[in-house]
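Working notes for the structure below.
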Amino acid sequence: MSLSSLLMSFCEWADSSFFGHGIRNSVWLFPFVEIFHLLALAVLGGTVLILNLRLLGIRFQRERVSDLARDVQPWMRGSLVVMLVSGFFLFSSESVKMYGNGAFRVKMVSLVLAILFTFTLHRKVTMSDEAQVSPLWRKLAAVLSLVLWSGVGLAGRAIGIV
Amino acid sequence: MSVIRFLHWLNDTTFSITMRDSTWAEPVVETIHVLTLTLFLGFTVLLDLRLLGLSMRRRRASEVMGELNPGLMGGFLVMIVTGVLLFCGDPVAFYNSIFFKVKMLMLLLAGLNVWLFNATVGRKMAEWDIDSVTPGSAKAAAVVSLVLWVAIVAAGRAIAYSLPPP
């Protein structure tokens with residue numbers, strides 16, 4: 001089975017599931033789930049922004065990066081979980097349509113890259129002893145994180161437009 | 001001039017017509033409005049969490065506020081400007097939406113909440129801002145803020161669904 005047919009059958013399964021059906025056939029369920037998606041966007045985006053602004057040396061300069069990272073991480077992870085769950089439900093209501101949506105594909109690729117980067121290299125930079133990471137690497141990690149997450153957000157907004 | 005007459009006048013201005021008829025104006029402005037939630041609302045939530053003692057406890061509340069405020073204020077300004085632009089694109093329909101009226105009322109209440117906080121417990125922040133446990137009135141202000149902003153986002157989302165399609 002090729003990857004594309006595997007993805008397509010996943011989309012068909014979600015599309016015909018009871019929640020996919022339910023959300024599609026309800027007037028208010030889709031916007032209701034979207035509200036959770038938007039609220040979690042605010043918290044995820046806020047924590048990503050503040051952490052990266054610290055790495056860039058723009059905010060919380062007197063704080064250690066790792067201290068700030070420890071403080072915001074539970075909220076970042078929690079909001080990411082809400083994003084993924086609410087996003088999956090939104091997707092399920094029109095998943096076969098999403099399969100062919102270019103913006104959706106760009107969003108999913110950016111999302112996978114953003115998550116992988118956030119929990120590996122970016123995490124390493126924020127959690128390690130500041131003396132061990134050069135300011136250049138810190139700034140590079142911040143810029144890359146901002147680019148990847150912006151890509152997710154912009155492509156997400158584009159889904160409804162293209 | 002009555003409000004409704006003013007809105008009809010606004011609706012017929014070249015600016016309003018351009019906002020409405022342009023393919024890109026509305027989606028671009030709306031994208032900025034929605035994504036600025038990360039800056040404005042994200043930072044507001046972080047500040048409220050500090051006031052509730054749920055995040056950044058080891059930092060002074062005044063320091064957290066000072067670090068978050070510039071981004072928060074800048075974000076708020078962008079929200080207002082883009083919000084007004086979206087309103088100008090379809091002023092009569094916005095005005096007729098109950099969700100729009102509810103949202104405006106709650107925005108006013110959120111502003112009152114900030115004013116009340118600054119005028120009372122916020123003014124004496126130096127007395128309590130080292131404590132990880134904040135005063136009850138500061139917590140109350142944070143809860144009111146969170147509840148109102150959740151409702152404001154919900155009402156904002158509902159506006160788009162209640163407007164007649166273009």
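Going through the structure tokens in order, the chains are called A, B, and so on, while each chain numbers its residues from 1 and the ligands are numbered from 1 in the order shown.
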Note to self: Counting only C-alpha atoms, a student should be able to say which residues of chain B come within 10 Å of chain A; what is the right answer, written as number ranges by chain?
What the structure shows: B: 24, 27-28, 30-32, 34-46, 49, 54-59, 63-64, 66-68, 70-72, 149-151, 153-158, 160-161
Exercise: Arg123 (chain A) partners within 10 Å, only C-alpha atoms, chain neighbours under 4 positions left out, as a PDB file with N, CA and C atoms, in the first residue's frame:
ATOM      1  N   SER A  66      16.643  28.547  30.835  1.00  0.00           N
ATOM      2  CA  SER A  66      16.092  27.261  31.286  1.00  0.00           C
ATOM      3  C   SER A  66      14.992  27.460  32.342  1.00  0.00           C
ATOM      4  N   ALA A  69      11.927  28.517  30.456  1.00  0.00           N
ATOM      5  CA  ALA A  69      11.440  27.369  29.681  1.00  0.00           C
ATOM      6  C   ALA A  69      10.678  26.411  30.589  1.00  0.00           C
ATOM      7  N   GLN A  73       6.748  25.587  29.902  1.00  0.00           N
ATOM      8  CA  GLN A  73       6.586  24.304  29.213  1.00  0.00           C
ATOM      9  C   GLN A  73       5.270  23.567  29.468  1.00  0.00           C
ATOM     10  N   LEU A 116       8.853  18.395  15.914  1.00  0.00           N
ATOM     11  CA  LEU A 116      10.136  17.700  16.020  1.00  0.00           C
ATOM     12  C   LEU A 116      11.228  18.651  16.489  1.00  0.00           C
ATOM     13  N   PHE A 117      11.285  19.828  15.872  1.00  0.00           N
ATOM     14  CA  PHE A 117      12.320  20.799  16.223  1.00  0.00           C
ATOM     15  C   PHE A 117      12.158  21.283  17.668  1.00  0.00           C
ATOM     16  N   THR A 118      10.910  21.577  18.065  1.00  0.00           N
ATOM     17  CA  THR A 118      10.651  22.112  19.404  1.00  0.00           C
ATOM     18  C   THR A 118      11.091  21.139  20.492  1.00  0.00           C
ATOM     19  N   PHE A 119      10.821  19.841  20.286  1.00  0.00           N
ATOM     20  CA  PHE A 119      11.104  18.886  21.348  1.00  0.00           C
ATOM     21  C   PHE A 119      12.468  18.213  21.234  1.00  0.00           C
ATOM     22  N   MET A 127      17.136  24.278  27.438  1.00  0.00           N
ATOM     23  CA  MET A 127      17.349  23.636  28.729  1.00  0.00           C
ATOM     24  C   MET A 127      18.815  23.534  29.128  1.00  0.00           C
ATOM     25  N   SER A 128      19.734  23.756  28.189  1.00  0.00           N
ATOM     26  CA  SER A 128      21.136  23.545  28.554  1.00  0.00           C
ATOM     27  C   SER A 128      21.708  24.770  29.257  1.00  0.00           C
ATOM     28  N   ALA A 141      18.144  29.181  16.778  1.00  0.00           N
ATOM     29  CA  ALA A 141      17.062  28.287  17.220  1.00  0.00           C
ATOM     30  C   ALA A 141      15.751  29.061  17.343  1.00  0.00           C
TER      31      ALA A 141
END
Margin query: If DSSP is run on the backbone, what residues of region 8-162 of chain B are alpha helix (DSSP H)? A reply as JSON, numbers by chain would be ideal.
Written below: {"B": [8, 9, 10, 11, 14, 15, 16, 17, 18, 19, 20, 21, 25, 26, 27, 28, 29, 30, 31, 32, 33, 34, 35, 37, 38, 39, 40, 41, 42, 43, 44, 45, 46, 47, 48, 49, 50, 51, 61, 62, 63, 64, 65, 66, 67, 68, 69, 70, 71, 72, 73, 74, 75, 76, 77, 78, 79, 80, 81, 82, 83, 84, 85, 86, 87, 88, 89, 91, 92, 93, 94, 95, 96, 98, 99, 100, 101, 102, 103, 104, 105, 106, 107, 108, 109, 110, 111, 112, 113, 114, 115, 116, 117, 118, 119, 125, 126, 127, 128, 136, 137, 138, 139, 140, 141, 142, 143, 144, 145, 146, 147, 148, 149, 150, 151, 152, 153, 154, 155, 156, 157, 158, 159, 160, 161, 162]}
Next item on the list: Compare A:Ser134, A:Lys107, A:Thr126, A:Ala14 by their minimum atom-to-atom distance to Gly151 (chain A), counting only C-alpha atoms, and give me the closest one.
Entry: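 Among the listed residues, the smallest separation from Gly151 (chain A) belongs to A:Lys107.
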